[in-house]
Amino acid sequence: MMKDGTVMRCSSSSSSSSDTEQDQRDADAGLAQEYEARKPKWWTKLSGRRGTRAQRRTIERMTHCGYCFSKEVLSNFSRINNSARHNGGITEHHLTEESDTSAADRWRRIWWNRSLAVLDEEDDEAGVEPVADTVTNPRNQKHKEKIDLMYNNKSPLVPRCYEQIWLEIGFGNGDNILANAKREPDILFVGSEIHQPGIGTVLRQMELELDIGAAEEEEKKVDNPTISRTTNDNEQDLSKRPCKNIRILPGDGIKLLSHLPCQYLDKILITFPDPWPKIGHSHWRVIQKDSLMEMHRVLKDNGLVFVATDSDVFYEWTRNIFEQESSNGVWEEVCPCPDRTNWLPIVSYYEQKGIDEGRAAMLQCWKKT
């Protein structure tokens with residue numbers, strides 16, 4: 001009993017249990033090094049990855065138009081990328097931050113620009129050659145035709161220059177990436193998502209915003225001399241339709257980081273990821289030491305990482321990992337965090353659900369130094 005007459009409700013056993021949990025969390029934080037992309041079967045079953053038939057058809061149409069990447073192309077790119085990293089015979093092409101001027105990294109930069117329809121005056125497509133020994137690698141021989149197609153992959157969209165390139169990892173239903181793209185038409189927004197329903201939802205919204213059928217008719221008029229041409233102003237307006245500055249990459253955004261060239265992105269957004277709050281699940285959280293190393297590699301100088309969550313566990317975890325890496329002088333926290341209207345202007349369904357349950361959004365911003 002306390003001096004004021006109140007009774008302490010926590011027993012020694014509960015206190016001991018709480019201490020044990022805290023010790024385990026501290027141990028998890030100390031062991032956080034590698035991100036585990038493969039999730040447990042029960043999580044995969046609950047997450048409902050497969051979209052509806054209408055969503056799958058939308059994904060197919062938008063992939064054909066160049067706004068969504070083919071999973072097969074990304075898979076074959078991953079195969080070549082891993083060969084370049086791990087094949088001992090091509091150590092001169094190892095893709096590290098220190099060797100960002102290597103032939104392999106230059107090829108990756110050009111491949112991504114070509115696939116995302118980004119116009120870069122420094123590109124020299126005539127000088128592009130596949131990464132040495134990756135196609136002739138015995139492990140890749142059975143995939144040779146697919147790999148050749150991947151090397152020649154090119155977006156059907158007309159390339160244009162962008163002021164910046166942002167990556168949003170895990171965009172959910174795409175509310176935030178859609179709002180950002182409409183607000184900043186001169187920035188390219190790349191979104192990665194592992195769940196097919198979310199991909200189908202954002203692509204359907206893009207399809208409606210872009211009015212794909214009308215755009216195709218406009219292009220036919222431009223190409224056909226028997227049809228009256230549109231004015232230059234109208235053509236310019238067509239190239240800057242709302243949402244035309246979005247590209248969707250199906251798959252795990254953390255794994256995607258290893259595929260990107262060095263110093264390619266201006267900002268990375270991680271908005272309300274699965275916090276994996278239970279003890280023993282920490283290796284599935286997207287913020288790990290190795291994922292921060294990849295973020296640091298692909299960000300330009302002074303690039304930013306924005307993190308939004310409504311989980312106390314994930315917020316503390318993220319701060320601890322960044323602070324550990326900040327001791328090496330590679331990250332610096334931006335305080336106060338920039339106004340969310342500049343990067344998180346929408347309250348998504350997931351955020352609203354947390355608000356309804358009494359959880360407020362907690363924001364962080366870290367700068368590459």
# chains A, B, ... in the order shown; residues from 1 in each chain; ligands from 1
$ residues_around --residues "region 174-176 of chain A" --least-positions-apart "3" --cutoff "7 Å" --atoms "only C-alpha atoms" --output "compact mmCIF listing (two decimals) with N, CA and C atoms, in the first residue's frame"
# COMPACT_ATOMS: atom_id res chain seq x y z
N PHE A 171 3.12 1.45 -50.08
CA PHE A 171 2.18 2.57 -50.19
C PHE A 171 0.74 2.20 -49.87
N ALA A 179 -1.68 11.61 -53.98
CA ALA A 179 -1.76 13.02 -53.57
C ALA A 179 -0.45 13.74 -53.84
N ASN A 180 0.68 13.11 -53.54
CA ASN A 180 1.98 13.73 -53.78
C ASN A 180 2.22 13.96 -55.26
N GLY A 198 -3.62 -3.68 -53.17
CA GLY A 198 -3.20 -2.28 -53.11
C GLY A 198 -2.67 -1.79 -54.44
N VAL A 202 -4.42 1.37 -56.65
CA VAL A 202 -3.77 2.62 -57.07
C VAL A 202 -3.69 2.70 -58.59
N LEU A 344 3.43 13.78 -46.53
CA LEU A 344 2.36 12.88 -46.08
C LEU A 344 1.06 13.67 -45.97
N PRO A 345 0.55 14.16 -47.11
CA PRO A 345 -0.59 15.09 -47.05
C PRO A 345 -1.94 14.42 -46.77
N ILE A 346 -2.00 13.10 -46.90
CA ILE A 346 -3.27 12.40 -46.78
C ILE A 346 -3.31 11.56 -45.50
N SER A 348 -4.52 8.32 -44.51
CA SER A 348 -4.96 7.11 -45.20
C SER A 348 -5.93 6.31 -44.35
$ residues_around --residues "Leu167 (chain A)" --least-positions-apart "5" --cutoff "9 Å" --atoms "only C-alpha atoms" --output "list of chain:residue names"
A:Leu188, A:Phe189, A:Val190, A:Gly191, A:Ser192, A:Gly253, A:Leu265, A:Asp266, A:Lys267, A:Ile268, A:Leu269, A:Ile270
$ atom_distance --atom1 "CA of Pro275 (chain A)" --atom2 "CA of Phe69 (chain A)"
27.0 Å
$ atom_distance --atom1 "CA of Thr271 (chain A)" --atom2 "CA of Ala361 (chain A)"
9.8 Å
$ atom_distance --atom1 "CA of Ser326 (chain A)" --atom2 "CA of Thr341 (chain A)"
26.4 Å
$ residues_around --residues "region 350-357 of chain A" --least-positions-apart "5" --cutoff "9 Å" --atoms "only C-alpha atoms" --output "list in words"
Gly172, Phe272, Thr309 and Asp310 of chain A
$ residues_around --residues "Ile248 (chain A)" --least-positions-apart "4" --cutoff "12 Å" --atoms "only C-alpha atoms" --output "VMD selection string"
chain A and resid 59 62 to 63 65 to 71 74 115 to 116 166 to 174 177 to 178 188 to 196 198 to 204 206 243 to 244 252 to 253 256
$ select_by_dssp --residues "region 140-323 of chain A" --states "strand (DSSP E)" --output "PyMOL selection string"
chain A and resi 164-169+187-193+246-250+265-271+299-309
$ closest_residue --among "A:Ile254, A:Gly303, A:Asp105, A:Cys262" --to "Ser291 (chain A)" --atoms "only C-alpha atoms"
A:Ile254
$ closest_residue --among "A:Glu209, A:Glu122, A:Asp148, A:Glu34" --to "Val73 (chain A)" --atoms "only C-alpha atoms"
A:Asp148
$ closest_residue --among "A:Ile287, A:Met293, A:Val158, A:Ala181" --to "Arg319 (chain A)" --atoms "only C-alpha atoms"
A:Ile287
$ decode --residues "region 332-351 of chain A" --atoms "C-alpha atoms" --output "JSON list (two decimals), in the first residue's frame"
[["chain", "number", "residue", "atom", "x", "y", "z"],
["A", 332, "GLU", "CA", 21.56, 13.08, -38.90],
["A", 333, "GLU", "CA", 18.06, 13.59, -37.51],
["A", 334, "VAL", "CA", 16.10, 16.51, -38.93],
["A", 335, "CYS", "CA", 14.43, 18.33, -36.03],
["A", 336, "PRO", "CA", 11.71, 19.32, -36.15],
["A", 337, "CYS", "CA", 10.40, 16.86, -38.69],
["A", 338, "PRO", "CA", 9.38, 18.69, -41.90],
["A", 339, "ASP", "CA", 5.70, 19.58, -42.24],
["A", 340, "ARG", "CA", 3.83, 16.41, -43.16],
["A", 341, "THR", "CA", 1.81, 18.26, -45.82],
["A", 342, "ASN", "CA", 5.01, 18.25, -47.89],
["A", 343, "TRP", "CA", 5.35, 14.46, -47.90],
["A", 344, "LEU", "CA", 2.36, 12.88, -46.08],
["A", 345, "PRO", "CA", -0.59, 15.09, -47.05],
["A", 346, "ILE", "CA", -3.27, 12.40, -46.78],
["A", 347, "VAL", "CA", -4.71, 10.61, -43.76],
["A", 348, "SER", "CA", -4.96, 7.11, -45.20],
["A", 349, "TYR", "CA", -7.39, 4.39, -44.26],
["A", 350, "TYR", "CA", -4.70, 2.71, -42.16],
["A", 351, "GLU", "CA", -3.80, 5.91, -40.32]]
